[in-house]
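What follows is model.cif (mmCIF, C-alpha atoms).
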```cif
data_query
loop_
_atom_site.label_atom_id
_atom_site.label_comp_id
_atom_site.auth_asym_id
_atom_site.auth_seq_id
_atom_site.Cartn_x
_atom_site.Cartn_y
_atom_site.Cartn_z
CA MET P 1 -52.72 162.43 32.33
CA SER P 2 -55.67 160.14 31.91
CA ARG P 3 -55.16 156.66 33.22
CA ALA P 4 -57.77 155.16 30.92
CA SER P 5 -57.97 151.40 30.81
CA THR P 6 -57.77 151.41 27.04
CA PRO P 7 -54.28 152.38 25.86
CA SER P 8 -53.83 155.41 23.64
CA PRO P 9 -53.54 154.58 19.99
CA VAL P 10 -50.00 154.37 18.71
CA PRO P 11 -49.46 154.79 14.97
CA GLY P 12 -48.14 151.65 13.38
CA LEU P 13 -49.07 149.60 16.38
CA ALA P 14 -52.01 147.81 14.89
CA ALA P 15 -49.95 146.60 11.97
CA ALA P 16 -47.02 145.73 14.15
CA ALA P 17 -49.19 143.76 16.52
CA HIS P 18 -49.90 141.27 13.78
CA GLU P 19 -46.27 140.58 13.10
CA ASP P 20 -44.10 138.17 14.93
CA MET P 21 -42.27 140.52 17.28
CA GLN P 22 -39.67 138.07 18.51
CA GLY P 23 -41.09 138.03 21.96
CA ILE P 24 -42.10 141.69 22.07
CA SER P 25 -45.79 142.30 22.06
CA ALA P 26 -47.28 145.68 21.40
CA GLU P 27 -49.38 145.16 24.50
CA ALA P 28 -46.27 144.71 26.63
CA LEU P 29 -44.88 147.98 25.28
CA LEU P 30 -48.10 149.83 25.91
CA SER P 31 -48.21 148.57 29.48
CA LEU P 32 -44.95 150.43 30.04
CA ARG P 33 -46.28 153.64 28.60
CA ALA P 34 -47.59 155.16 31.82
CA ASP P 35 -44.28 154.55 33.56
CA MET P 36 -42.35 155.95 30.63
CA LEU P 37 -44.48 159.08 30.66
CA ARG P 38 -44.00 159.64 34.36
CA PHE P 39 -40.30 159.19 33.91
CA ALA P 40 -40.03 161.51 30.90
CA ARG P 41 -42.12 164.22 32.53
CA LEU P 42 -39.86 164.20 35.54
CA GLN P 43 -36.90 164.62 33.23
CA LEU P 44 -38.24 167.22 30.94
CA ARG P 45 -40.78 169.03 33.09
CA HIS P 46 -42.79 169.55 29.97
CA ALA P 47 -45.82 167.33 29.46
CA GLU P 48 -46.15 167.65 25.69
CA THR P 49 -42.49 167.01 24.99
CA ALA P 50 -42.59 164.02 27.31
CA GLU P 51 -45.59 162.69 25.44
CA ASP P 52 -43.83 163.13 22.09
CA LEU P 53 -40.63 161.43 23.18
CA VAL P 54 -42.44 158.49 24.74
CA GLN P 55 -44.45 158.08 21.56
CA GLU P 56 -41.31 158.17 19.43
CA SER P 57 -39.60 155.69 21.72
CA ILE P 58 -42.43 153.19 21.51
CA GLU P 59 -42.46 153.48 17.75
CA ALA P 60 -38.68 153.06 17.63
CA ALA P 61 -38.92 150.03 19.89
CA LEU P 62 -41.43 148.45 17.53
CA ARG P 63 -39.26 149.19 14.52
CA LYS P 64 -36.12 147.86 16.18
CA SER P 65 -37.73 144.93 17.93
CA SER P 66 -35.53 142.47 16.07
CA THR P 67 -32.49 143.94 17.84
CA PHE P 68 -33.98 143.17 21.23
CA ALA P 69 -31.85 140.21 22.19
CA GLY P 70 -33.59 139.35 25.41
CA ARG P 71 -30.38 139.92 27.38
CA SER P 72 -32.14 142.58 29.37
CA THR P 73 -35.75 142.85 30.31
CA LEU P 74 -38.02 144.56 27.84
CA LYS P 75 -38.46 147.37 30.32
CA THR P 76 -34.74 148.06 30.59
CA TRP P 77 -34.39 147.97 26.83
CA VAL P 78 -37.27 150.33 26.17
CA PHE P 79 -36.16 152.71 28.88
CA ALA P 80 -32.70 152.80 27.29
CA ILE P 81 -34.32 153.93 24.04
CA LEU P 82 -36.33 156.57 25.86
CA ARG P 83 -33.26 157.71 27.75
CA ASN P 84 -31.38 158.26 24.47
CA ARG P 85 -34.24 160.31 23.11
CA ILE P 86 -34.24 162.44 26.22
CA VAL P 87 -30.46 162.93 25.98
CA ASP P 88 -30.80 164.07 22.38
CA HIS P 89 -33.60 166.40 23.28
CA LEU P 90 -31.76 167.95 26.21
CA ARG P 91 -28.67 168.41 24.03
CA GLN P 92 -30.79 170.49 21.70
CA ALA P 93 -32.77 172.26 24.39
CA SER P 94 -29.78 173.09 26.56
CA ARG P 95 -28.66 175.64 24.01
CA THR P 96 -31.70 177.68 24.85
CA VAL P 97 -31.31 177.59 28.62
CA THR P 98 -29.95 180.88 29.78
CA MET P 99 -27.26 180.99 32.36
CA SER P 100 -29.21 183.42 34.52
CA SER P 101 -32.06 180.97 34.87
CA LEU P 102 -29.58 178.47 36.24
CA VAL P 103 -27.84 180.61 38.81
CA ASN P 104 -30.90 182.54 39.94
CA ASP P 105 -32.94 179.41 40.17
CA ASP P 106 -32.51 178.84 43.84
CA GLU P 107 -33.77 181.84 45.77
CA ASP P 108 -34.02 180.25 49.19
CA TRP P 109 -30.65 178.56 49.03
CA GLN P 110 -29.08 180.77 51.72
CA GLN P 111 -32.00 180.14 54.01
CA ASN P 112 -31.62 176.45 53.34
CA LEU P 113 -27.96 176.58 54.34
CA GLU P 114 -28.71 178.51 57.51
CA THR P 115 -31.15 175.85 58.60
CA LEU P 116 -28.43 173.22 58.35
CA PHE P 117 -25.26 175.02 59.42
CA ASN P 118 -24.33 177.44 62.18
CA ASP P 119 -22.24 180.57 61.67
CA GLN P 120 -19.01 178.58 61.89
CA GLY P 121 -20.21 176.21 59.17
CA GLY P 122 -20.80 173.30 61.56
CA TRP P 123 -23.94 171.18 61.56
CA ARG P 124 -26.69 172.59 63.73
CA ASP P 125 -28.05 170.46 66.54
CA GLY P 126 -30.42 167.87 65.18
CA ARG P 127 -29.21 168.37 61.60
CA ARG P 128 -25.99 166.38 61.87
CA PRO P 129 -26.36 163.51 59.35
CA VAL P 130 -26.98 160.08 60.80
CA ALA P 131 -26.50 156.83 58.88
CA TRP P 132 -29.31 155.86 56.50
CA PRO P 133 -30.85 152.39 56.30
CA ASP P 134 -29.69 149.96 53.63
CA PRO P 135 -31.03 151.40 50.35
CA GLU P 136 -31.11 148.04 48.59
CA GLN P 137 -33.86 146.89 50.88
CA SER P 138 -35.79 150.16 50.72
CA MET P 139 -35.60 150.16 46.91
CA GLN P 140 -37.91 147.14 46.91
CA THR P 141 -40.73 149.23 48.27
CA ARG P 142 -43.03 151.52 46.36
CA GLN P 143 -43.09 153.97 49.20
CA PHE P 144 -39.36 154.59 48.90
CA TRP P 145 -39.68 155.46 45.24
CA ALA P 146 -42.65 157.70 45.92
CA VAL P 147 -40.52 159.71 48.35
CA PHE P 148 -37.61 159.74 45.91
CA GLU P 149 -39.70 161.01 43.02
CA HIS P 150 -41.30 163.60 45.24
CA CYS P 151 -37.84 164.83 46.23
CA LEU P 152 -36.58 164.90 42.64
CA ASP P 153 -39.69 166.75 41.61
CA HIS P 154 -39.11 169.44 44.22
CA LEU P 155 -35.62 170.36 43.12
CA PRO P 156 -35.56 173.86 41.63
CA PRO P 157 -36.28 173.27 37.91
CA ALA P 158 -32.97 174.31 36.34
CA ALA P 159 -30.88 172.72 39.11
CA GLY P 160 -32.99 169.61 38.77
CA ARG P 161 -32.24 169.48 35.08
CA VAL P 162 -28.49 169.80 35.56
CA PHE P 163 -28.60 167.15 38.26
CA MET P 164 -30.59 164.79 36.05
CA MET P 165 -28.19 165.33 33.16
CA ARG P 166 -25.37 164.29 35.45
CA GLU P 167 -26.87 161.49 37.50
CA PHE P 168 -29.66 160.13 35.41
CA LEU P 169 -28.44 160.63 31.88
CA GLY P 170 -24.81 160.13 32.83
CA PHE P 171 -23.18 163.17 31.24
CA GLU P 172 -19.76 164.07 32.57
CA SER P 173 -19.92 167.39 34.39
CA ASP P 174 -17.48 168.93 31.88
CA GLU P 175 -19.86 168.12 29.09
CA ILE P 176 -22.79 169.62 30.97
CA CYS P 177 -20.86 172.85 31.51
CA ARG P 178 -19.92 173.01 27.86
CA GLN P 179 -23.43 172.35 26.67
CA LEU P 180 -25.01 174.83 29.02
CA GLY P 181 -22.26 177.37 28.46
CA ILE P 182 -21.56 177.80 32.15
CA SER P 183 -18.27 177.74 34.04
CA THR P 184 -17.03 174.59 35.71
CA SER P 185 -17.33 176.13 39.13
CA ASN P 186 -20.91 177.21 38.46
CA CYS P 187 -21.68 173.73 37.32
CA HIS P 188 -20.28 172.25 40.52
CA VAL P 189 -22.17 174.74 42.64
CA ILE P 190 -25.44 173.83 40.96
CA LEU P 191 -24.79 170.11 41.37
CA HIS P 192 -23.82 170.57 45.01
CA ARG P 193 -27.03 172.44 45.73
CA ALA P 194 -29.13 169.83 44.01
CA ARG P 195 -27.44 167.02 45.94
CA LEU P 196 -27.72 168.76 49.26
CA ARG P 197 -31.41 169.46 48.70
CA LEU P 198 -32.15 165.96 47.52
CA ARG P 199 -30.26 164.55 50.47
CA THR P 200 -32.14 166.74 52.94
CA CYS P 201 -35.46 165.76 51.45
CA MET P 202 -34.62 162.05 51.40
CA ASP P 203 -33.37 162.30 54.96
CA SER P 204 -36.66 163.59 56.30
CA GLY P 205 -38.85 161.47 54.05
CA TRP P 206 -37.03 158.17 54.35
CA GLY P 207 -33.64 158.12 56.09
CA ARG P 208 -34.90 159.69 59.27
CA PRO P 209 -38.65 159.19 59.19
CA GLU P 210 -39.29 160.77 62.58
CA GLY P 211 -37.93 164.12 61.30
CA ALA P 212 -39.90 166.96 59.77
CA SER P 213 -41.37 166.49 56.32
CA CYS P 214 -39.62 167.96 53.32
CA MET B 215 -9.47 172.94 58.72
CA LEU B 216 -12.54 172.69 56.54
CA SER B 217 -15.92 173.42 58.06
CA CYS B 218 -18.75 170.89 57.71
CA LYS B 219 -20.39 173.23 55.22
CA GLN B 220 -17.24 173.22 53.08
CA VAL B 221 -16.94 169.47 53.41
CA THR B 222 -20.39 168.99 51.87
CA GLU B 223 -19.12 170.91 48.84
CA VAL B 224 -16.04 168.71 48.57
CA CYS B 225 -18.24 165.61 48.90
CA SER B 226 -20.20 166.82 45.88
CA THR B 227 -17.10 167.70 43.88
CA GLU B 228 -15.83 164.21 44.54
CA MET B 229 -18.84 162.82 42.70
CA ASP B 230 -17.85 164.73 39.56
CA ARG B 231 -14.07 164.68 39.33
CA PRO B 232 -11.12 163.12 41.17
CA LEU B 233 -10.10 165.30 44.10
CA LYS B 234 -6.74 167.03 44.08
CA LEU B 235 -4.27 165.81 46.66
CA GLY B 236 -4.81 168.78 48.96
CA GLU B 237 -8.59 168.42 48.79
CA ARG B 238 -8.36 164.73 49.55
CA LEU B 239 -6.13 165.20 52.56
CA ALA B 240 -8.29 168.00 53.95
CA LEU B 241 -11.39 165.86 53.49
CA GLN B 242 -9.85 162.84 55.18
CA ALA B 243 -8.62 164.92 58.10
CA HIS B 244 -12.12 166.26 58.65
CA LEU B 245 -13.87 162.91 58.25
CA MET B 246 -11.69 161.30 60.90
CA LEU B 247 -13.12 163.71 63.43
CA CYS B 248 -16.65 164.18 62.15
CA SER B 249 -19.09 161.28 61.89
CA GLY B 250 -21.83 163.60 60.61
CA CYS B 251 -19.85 164.46 57.50
CA ALA B 252 -18.76 160.84 57.09
CA ASN B 253 -22.46 159.96 57.02
CA TYR B 254 -23.13 162.77 54.56
CA ARG B 255 -20.44 161.43 52.26
CA ARG B 256 -21.90 157.92 52.34
CA GLN B 257 -25.31 159.40 51.61
CA MET B 258 -23.95 161.07 48.46
CA LYS B 259 -22.90 157.62 47.26
CA THR B 260 -26.29 156.23 48.21
CA LEU B 261 -28.01 158.93 46.16
CA ARG B 262 -25.94 157.94 43.14
CA GLN B 263 -26.73 154.27 43.69
CA VAL B 264 -30.43 155.08 43.90
CA MET B 265 -30.28 157.32 40.82
CA GLN B 266 -28.62 154.55 38.85
CA ALA B 267 -31.30 152.10 39.87
CA TYR B 268 -33.88 154.69 38.93
CA ALA B 269 -32.28 155.26 35.52
CA GLU B 270 -32.40 151.51 34.89
CA GLY B 271 -36.12 151.57 35.50
CA ARG B 272 -35.92 149.66 38.75
CA ALA B 273 -38.26 152.08 40.46
CA VAL B 274 -40.91 150.98 38.09
CA ALA B 275 -40.12 147.33 38.72
CA ALA B 276 -40.81 147.92 42.39
CA ASP B 277 -44.46 148.32 41.48
CA PRO B 278 -45.96 144.86 41.95
CA GLU B 279 -48.76 145.57 39.47
CA ALA B 280 -46.30 146.42 36.71
CA SER B 281 -43.78 143.69 37.34
CA PRO B 282 -44.59 140.09 36.60
CA ASP B 283 -42.01 138.34 38.74
CA ASP B 284 -42.59 135.02 37.04
CA ARG B 285 -41.21 136.36 33.77
CA PRO B 286 -39.64 133.49 31.81
CA SER B 287 -35.89 133.92 31.45
#
```

Represent the supplied structure as C-alpha coordinates.
Amino acid sequence: MSRASTPSPVPGLAAAAHEDMQGISAEALLSLRADMLRFARLQLRHAETAEDLVQESIEAALRKSSTFAGRSTLKTWVFAILRNRIVDHLRQASRTVTMSSLVNDDEDWQQNLETLFNDQGGWRDGRRPVAWPDPEQSMQTRQFWAVFEHCLDHLPPAAGRVFMMREFLGFESDEICRQLGISTSNCHVILHRARLRLRTCMDSGWGRPEGASC
Amino acid sequence: MLSCKQVTEVCSTEMDRPLKLGERLALQAHLMLCSGCANYRRQMKTLRQVMQAYAEGRAVAADPEASPDDRPS
(Lines of atoms letter the chains of each structure in order from A and count residues from 1; the text may use other names and numbers.)
(Lines give C-alpha, C1' and ligand atoms only; values in the text may rest on other atoms or scores of the structure.)
Protein backbone atom coordinates (compact mmCIF):
# COMPACT_ATOMS: atom_id res chain seq x y z
CA MET A 1 0.00 0.00 0.00
CA SER A 2 1.23 3.46 -0.78
CA ARG A 3 1.22 5.84 2.14
CA ALA A 4 0.99 8.91 -0.06
CA SER A 5 0.37 12.19 1.68
CA THR A 6 -2.52 12.97 -0.63
CA PRO A 7 -5.50 10.73 0.12
CA SER A 8 -6.87 8.50 -2.61
CA PRO A 9 -9.88 9.91 -4.36
CA VAL A 10 -13.19 8.65 -3.05
CA PRO A 11 -16.20 8.92 -5.35
CA GLY A 12 -18.79 11.28 -4.01
CA LEU A 13 -16.35 12.75 -1.56
CA ALA A 14 -15.83 16.04 -3.28
CA ALA A 15 -19.54 16.74 -3.36
CA ALA A 16 -20.03 15.52 0.16
CA ALA A 17 -17.23 17.68 1.45
CA HIS A 18 -19.20 20.76 0.56
CA GLU A 19 -22.22 19.73 2.55
CA ASP A 20 -22.74 20.25 6.20
CA MET A 21 -21.81 16.84 7.55
CA GLN A 22 -23.07 17.33 11.08
CA GLY A 23 -19.62 17.24 12.50
CA ILE A 24 -18.21 14.64 10.11
CA SER A 25 -15.68 15.93 7.69
CA ALA A 26 -14.58 13.98 4.68
CA GLU A 27 -11.02 14.71 5.74
CA ALA A 28 -11.60 13.07 9.11
CA LEU A 29 -12.91 9.96 7.36
CA LEU A 30 -10.00 9.84 4.98
CA SER A 31 -7.55 10.10 7.85
CA LEU A 32 -8.95 6.82 9.12
CA ARG A 33 -8.55 5.11 5.79
CA ALA A 34 -5.07 3.72 6.33
CA ASP A 35 -6.09 2.20 9.65
CA MET A 36 -9.25 0.77 8.15
CA LEU A 37 -7.25 -0.83 5.35
CA ARG A 38 -4.77 -2.40 7.71
CA PHE A 39 -7.62 -3.73 9.76
CA ALA A 40 -9.58 -5.10 6.80
CA ARG A 41 -6.53 -6.74 5.26
CA LEU A 42 -5.82 -8.54 8.49
CA GLN A 43 -9.38 -9.79 8.48
CA LEU A 44 -9.71 -10.78 4.91
CA ARG A 45 -6.14 -11.56 3.92
CA HIS A 46 -6.99 -10.27 0.50
CA ALA A 47 -5.77 -6.81 -0.41
CA GLU A 48 -8.25 -6.03 -3.18
CA THR A 49 -11.28 -7.12 -1.21
CA ALA A 50 -10.06 -5.11 1.75
CA GLU A 51 -9.69 -2.08 -0.48
CA ASP A 52 -13.21 -2.52 -1.85
CA LEU A 53 -14.83 -2.92 1.55
CA VAL A 54 -13.03 0.07 3.02
CA GLN A 55 -14.10 2.15 0.05
CA GLU A 56 -17.71 1.04 0.43
CA SER A 57 -17.61 1.74 4.14
CA ILE A 58 -16.35 5.28 3.67
CA GLU A 59 -19.03 5.94 1.10
CA ALA A 60 -21.67 4.46 3.38
CA ALA A 61 -20.40 6.59 6.26
CA LEU A 62 -20.76 9.71 4.12
CA ARG A 63 -24.26 8.73 3.05
CA LYS A 64 -25.35 7.92 6.59
CA SER A 65 -23.54 10.75 8.29
CA SER A 66 -26.79 12.18 9.62
CA THR A 67 -27.24 9.05 11.73
CA PHE A 68 -23.91 9.62 13.45
CA ALA A 69 -25.15 10.83 16.81
CA GLY A 70 -21.81 11.65 18.31
CA ARG A 71 -22.39 9.14 21.12
CA SER A 72 -19.30 7.30 20.02
CA THR A 73 -16.18 8.61 18.43
CA LEU A 74 -16.18 8.87 14.67
CA LYS A 75 -13.57 6.14 14.57
CA THR A 76 -15.71 3.68 16.51
CA TRP A 77 -18.70 4.47 14.35
CA VAL A 78 -16.86 4.05 11.07
CA PHE A 79 -15.19 0.87 12.23
CA ALA A 80 -18.61 -0.52 13.13
CA ILE A 81 -19.71 0.09 9.55
CA LEU A 82 -16.58 -1.57 8.21
CA ARG A 83 -17.03 -4.48 10.59
CA ASN A 84 -20.56 -5.09 9.28
CA ARG A 85 -19.29 -5.09 5.72
CA ILE A 86 -16.65 -7.61 6.63
CA VAL A 87 -19.23 -9.81 8.37
CA ASP A 88 -21.43 -9.76 5.29
CA HIS A 89 -18.50 -10.55 3.07
CA LEU A 90 -17.30 -13.45 5.21
CA ARG A 91 -20.85 -14.83 5.34
CA GLN A 92 -20.77 -14.99 1.57
CA ALA A 93 -17.19 -16.14 1.26
CA SER A 94 -17.43 -18.81 3.93
CA ARG A 95 -19.57 -20.90 1.63
CA THR A 96 -16.59 -21.33 -0.62
CA VAL A 97 -14.11 -22.33 2.07
CA THR A 98 -13.57 -26.03 1.90
CA MET A 99 -13.44 -28.05 5.04
CA SER A 100 -10.14 -29.64 4.07
CA SER A 101 -8.45 -26.27 3.92
CA LEU A 102 -9.53 -25.71 7.50
CA VAL A 103 -8.42 -28.96 9.04
CA ASN A 104 -5.22 -29.35 7.02
CA ASP A 105 -4.28 -25.78 7.61
CA ASP A 106 -1.98 -26.38 10.50
CA GLU A 107 0.80 -28.73 9.49
CA ASP A 108 3.17 -28.09 12.35
CA TRP A 109 0.53 -28.28 15.04
CA GLN A 110 1.86 -31.53 16.52
CA GLN A 111 5.34 -30.12 16.65
CA ASN A 112 3.94 -27.05 18.34
CA LEU A 113 2.29 -29.18 21.00
CA GLU A 114 5.43 -31.18 21.61
CA THR A 115 7.37 -28.01 22.28
CA LEU A 116 4.91 -27.08 25.02
CA PHE A 117 3.93 -30.39 26.59
CA ASN A 118 5.77 -33.53 27.65
CA ASP A 119 4.58 -37.06 26.92
CA GLN A 120 2.25 -37.02 29.92
CA GLY A 121 0.63 -33.80 28.70
CA GLY A 122 2.24 -31.64 31.40
CA TRP A 123 3.93 -28.32 30.69
CA ARG A 124 7.58 -28.67 29.79
CA ASP A 125 10.15 -26.88 31.90
CA GLY A 126 10.26 -23.22 31.01
CA ARG A 127 6.93 -23.39 29.15
CA ARG A 128 4.65 -23.36 32.18
CA PRO A 129 2.54 -20.17 31.82
CA VAL A 130 3.39 -17.32 34.16
CA ALA A 131 1.09 -14.38 34.87
CA TRP A 132 1.03 -11.63 32.23
CA PRO A 133 1.28 -7.92 33.00
CA ASP A 134 -1.88 -5.82 33.20
CA PRO A 135 -3.13 -5.60 29.59
CA GLU A 136 -4.96 -2.32 30.14
CA GLN A 137 -1.68 -0.55 30.63
CA SER A 138 0.06 -2.31 27.75
CA MET A 139 -2.84 -1.50 25.42
CA GLN A 140 -1.87 2.15 25.65
CA THR A 141 1.36 1.46 23.84
CA ARG A 142 1.90 1.11 20.13
CA GLN A 143 4.45 -1.58 20.66
CA PHE A 144 1.88 -3.86 22.27
CA TRP A 145 -0.43 -3.57 19.30
CA ALA A 146 2.43 -4.15 16.89
CA VAL A 147 3.16 -7.46 18.63
CA PHE A 148 -0.53 -8.33 18.72
CA GLU A 149 -1.04 -7.70 15.02
CA HIS A 150 2.10 -9.61 14.20
CA CYS A 151 0.77 -12.57 16.18
CA LEU A 152 -2.68 -12.40 14.56
CA ASP A 153 -1.04 -12.19 11.18
CA HIS A 154 0.96 -15.34 11.80
CA LEU A 155 -1.98 -17.57 12.62
CA PRO A 156 -2.47 -20.18 9.90
CA PRO A 157 -4.82 -18.46 7.41
CA ALA A 158 -7.96 -20.58 7.75
CA ALA A 159 -7.61 -20.92 11.54
CA GLY A 160 -7.03 -17.19 11.71
CA ARG A 161 -10.23 -16.58 9.84
CA VAL A 162 -12.30 -18.80 12.13
CA PHE A 163 -10.73 -17.16 15.15
CA MET A 164 -11.45 -13.68 13.81
CA MET A 165 -15.05 -14.63 13.05
CA ARG A 166 -15.42 -15.68 16.65
CA GLU A 167 -13.44 -13.08 18.55
CA PHE A 168 -13.37 -10.08 16.32
CA LEU A 169 -16.66 -10.26 14.49
CA GLY A 170 -18.45 -11.84 17.43
CA PHE A 171 -20.14 -14.82 15.78
CA GLU A 172 -21.27 -17.56 18.13
CA SER A 173 -19.23 -20.70 17.50
CA ASP A 174 -22.40 -22.59 16.50
CA GLU A 175 -23.02 -20.09 13.76
CA ILE A 176 -19.44 -20.36 12.53
CA CYS A 177 -19.74 -24.14 12.31
CA ARG A 178 -23.00 -23.88 10.43
CA GLN A 179 -21.67 -21.33 8.00
CA LEU A 180 -18.46 -23.19 7.33
CA GLY A 181 -20.23 -26.54 7.25
CA ILE A 182 -17.92 -28.11 9.80
CA SER A 183 -18.72 -30.11 12.91
CA THR A 184 -18.89 -28.47 16.31
CA SER A 185 -15.91 -30.43 17.54
CA ASN A 186 -13.85 -29.42 14.52
CA CYS A 187 -14.80 -25.85 15.12
CA HIS A 188 -13.65 -26.04 18.73
CA VAL A 189 -10.41 -27.71 17.73
CA ILE A 190 -9.65 -24.95 15.26
CA LEU A 191 -10.44 -22.24 17.80
CA HIS A 192 -8.34 -23.96 20.45
CA ARG A 193 -5.36 -24.14 18.12
CA ALA A 194 -5.70 -20.50 17.16
CA ARG A 195 -5.91 -19.42 20.81
CA LEU A 196 -2.98 -21.53 21.88
CA ARG A 197 -0.84 -20.18 19.06
CA LEU A 198 -1.85 -16.61 19.67
CA ARG A 199 -1.19 -17.05 23.37
CA THR A 200 2.25 -18.55 22.76
CA CYS A 201 3.17 -15.74 20.40
CA MET A 202 1.92 -13.03 22.76
CA ASP A 203 3.74 -14.69 25.62
CA SER A 204 7.12 -14.48 23.95
CA GLY A 205 6.54 -11.09 22.34
CA TRP A 206 4.96 -9.29 25.26
CA GLY A 207 3.99 -11.32 28.34
CA ARG A 208 7.42 -12.77 28.86
CA PRO A 209 9.75 -10.50 26.93
CA GLU A 210 12.93 -12.30 27.92
CA GLY A 211 11.70 -15.47 26.16
CA ALA A 212 12.39 -16.54 22.60
CA SER A 213 10.76 -14.61 19.78
CA CYS A 214 7.67 -16.00 18.11
CA MET B 1 -7.37 -36.20 36.23
CA LEU B 2 -6.98 -33.98 33.20
CA SER B 3 -3.51 -33.30 31.87
CA CYS B 4 -2.35 -29.71 31.33
CA LYS B 5 -2.66 -30.28 27.60
CA GLN B 6 -6.30 -31.31 28.03
CA VAL B 7 -6.94 -28.38 30.33
CA THR B 8 -5.88 -25.93 27.63
CA GLU B 9 -8.58 -27.45 25.42
CA VAL B 10 -11.20 -27.05 28.13
CA CYS B 11 -10.07 -23.44 28.68
CA SER B 12 -10.76 -22.79 25.01
CA THR B 13 -14.11 -24.58 25.04
CA GLU B 14 -15.09 -22.43 27.97
CA MET B 15 -14.71 -19.35 25.79
CA ASP B 16 -17.30 -20.70 23.36
CA ARG B 17 -19.97 -22.45 25.39
CA PRO B 18 -20.86 -23.02 29.06
CA LEU B 19 -18.99 -26.04 30.40
CA LYS B 20 -20.91 -29.13 31.42
CA LEU B 21 -20.88 -29.92 35.11
CA GLY B 22 -18.30 -32.69 34.76
CA GLU B 23 -16.01 -30.50 32.68
CA ARG B 24 -16.27 -27.69 35.19
CA LEU B 25 -15.45 -29.89 38.14
CA ALA B 26 -12.51 -31.51 36.37
CA LEU B 27 -11.19 -28.09 35.40
CA GLN B 28 -11.51 -26.70 38.92
CA ALA B 29 -9.81 -29.74 40.42
CA HIS B 30 -6.87 -29.29 38.09
CA LEU B 31 -6.60 -25.52 38.55
CA MET B 32 -6.40 -25.86 42.32
CA LEU B 33 -3.18 -27.78 41.89
CA CYS B 34 -1.70 -26.14 38.82
CA SER B 35 -0.80 -22.46 38.75
CA GLY B 36 0.49 -22.76 35.17
CA CYS B 37 -2.93 -23.72 33.86
CA ALA B 38 -4.60 -21.12 36.08
CA ASN B 39 -2.37 -18.55 34.38
CA TYR B 40 -3.22 -20.00 30.97
CA ARG B 41 -6.92 -19.66 31.72
CA ARG B 42 -6.52 -16.01 32.73
CA GLN B 43 -4.54 -15.41 29.56
CA MET B 44 -7.44 -16.73 27.46
CA LYS B 45 -9.63 -14.08 29.06
CA THR B 46 -6.95 -11.47 28.45
CA LEU B 47 -6.83 -12.41 24.77
CA ARG B 48 -10.57 -11.89 24.52
CA GLN B 49 -10.31 -8.54 26.31
CA VAL B 50 -7.57 -7.46 23.91
CA MET B 51 -9.52 -8.69 20.88
CA GLN B 52 -12.55 -6.71 21.98
CA ALA B 53 -10.47 -3.58 22.36
CA TYR B 54 -9.00 -4.27 18.96
CA ALA B 55 -12.44 -4.74 17.39
CA GLU B 56 -13.49 -1.38 18.84
CA GLY B 57 -10.58 0.25 17.07
CA ARG B 58 -8.68 0.99 20.25
CA ALA B 59 -5.45 -0.29 18.78
CA VAL B 60 -5.64 2.48 16.30
CA ALA B 61 -6.36 5.01 19.03
CA ALA B 62 -3.11 3.99 20.69
CA ASP B 63 -1.30 5.65 17.82
CA PRO B 64 -0.59 9.18 19.04
CA GLU B 65 -0.42 10.54 15.49
CA ALA B 66 -3.91 9.27 14.69
CA SER B 67 -5.60 10.18 17.92
CA PRO B 68 -6.25 13.77 18.84
CA ASP B 69 -6.70 13.48 22.58
CA ASP B 70 -8.16 16.95 22.86
CA ARG B 71 -11.22 15.92 20.86
CA PRO B 72 -14.20 18.03 21.97
CA SER B 73 -16.86 15.91 23.67

Wanna dump the chain B-chain P contacts at 10 Å for me, each residue with its shortest atom pair and the distance in Å to one decimal, counting all atoms listed in the file, ordered by chain and number, as CSV?
```
residue,atom,partner,partner_atom,distance
B:Leu216,CA,P:Gly121,CA,8.8
B:Ser217,CA,P:Gly121,CA,5.2
B:Cys218,CA,P:Gly122,CA,5.0
B:Lys219,CA,P:Gly121,CA,5.0
B:Gln220,CA,P:Gly121,CA,7.4
B:Val221,CA,P:Gly121,CA,9.4
B:Thr222,CA,P:Leu196,CA,7.8
B:Glu223,CA,P:His192,CA,6.1
B:Val224,CA,P:His192,CA,8.8
B:Cys225,CA,P:His192,CA,8.4
B:Ser226,CA,P:His192,CA,5.3
B:Thr227,CA,P:His188,CA,6.5
B:Met229,CA,P:His192,CA,9.5
B:Asp230,CA,P:Ser173,CA,6.2
B:Arg231,CA,P:Ser173,CA,8.1
B:Cys248,CA,P:Arg128,CA,9.6
B:Ser249,CA,P:Pro129,CA,8.0
B:Gly250,CA,P:Pro129,CA,4.7
B:Cys251,CA,P:Pro129,CA,6.8
B:Ala252,CA,P:Pro129,CA,8.4
B:Asn253,CA,P:Ala131,CA,5.4
B:Tyr254,CA,P:Pro129,CA,5.8
B:Arg255,CA,P:Pro129,CA,9.5
B:Arg256,CA,P:Ala131,CA,8.1
B:Gln257,CA,P:Arg199,CA,7.2
B:Met258,CA,P:Arg195,CA,7.3
B:Thr260,CA,P:Pro135,CA,7.1
B:Leu261,CA,P:Arg199,CA,7.4
B:Arg262,CA,P:Glu167,CA,6.7
B:Gln263,CA,P:Pro135,CA,8.4
B:Val264,CA,P:Pro135,CA,7.5
B:Met265,CA,P:Phe168,CA,6.1
B:Gln266,CA,P:Phe168,CA,6.6
B:Ala267,CA,P:Met139,CA,8.5
B:Tyr268,CA,P:Phe168,CA,7.7
B:Ala269,CA,P:Phe168,CA,5.5
B:Glu270,CA,P:Thr76,CA,6.0
B:Gly271,CA,P:Thr76,CA,6.2
B:Arg272,CA,P:Met139,CA,8.2
B:Ala273,CA,P:Trp145,CA,6.0
B:Val274,CA,P:Asp35,CA,6.7
B:Ala275,CA,P:Gln140,CA,8.5
B:Ala276,CA,P:Gln140,CA,5.4
B:Asp277,CA,P:Arg142,CA,6.0
B:Pro278,CA,P:Arg142,CA,8.5
B:Ala280,CA,P:Ser31,CA,7.8
B:Ser281,CA,P:Lys75,CA,9.5
B:Arg285,CA,P:Thr73,CA,9.2
B:Ser287,CA,P:Gly70,CA,8.4
```

Item to complete: Mind giving me the straight-line distance from atom CA of B:Glu237 to atom CA of B:Lys259 in Å, one decimal?
Response: 18.0 Å

Enclosing box along x, y and z for every listed atom of stretch 261-269 of chain B, padded 5 Å each side, centre and size in Å, one decimal, as JSON:
```
{"center_x": -29.9, "center_y": 155.5, "center_z": 40.8, "size_x": 17.9, "size_y": 16.8, "size_z": 20.6}
```

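If you look at atom CA of P:Asp125 and atom CA of P:Asn112, they are 14.9 Å away from each other.
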
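For the pair atom CA of P:Leu37 and atom CA of P:Ser57, the interatomic distance is 10.7 Å.
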
Item to complete: Apply the PyMOL selection byres ((chain P and resi 87) around 12) to the file shown and report the selected residues as a PyMOL selection string.
Response: chain P and resi 40+43-44+53+80-86+88-94+161-162+164-166+168-171+176+179

Worksheet item: Using only C-alpha atoms, which of P:His46, P:Arg41, P:His150, P:Arg33 sits nearest P:Glu59?
Response: P:Arg33
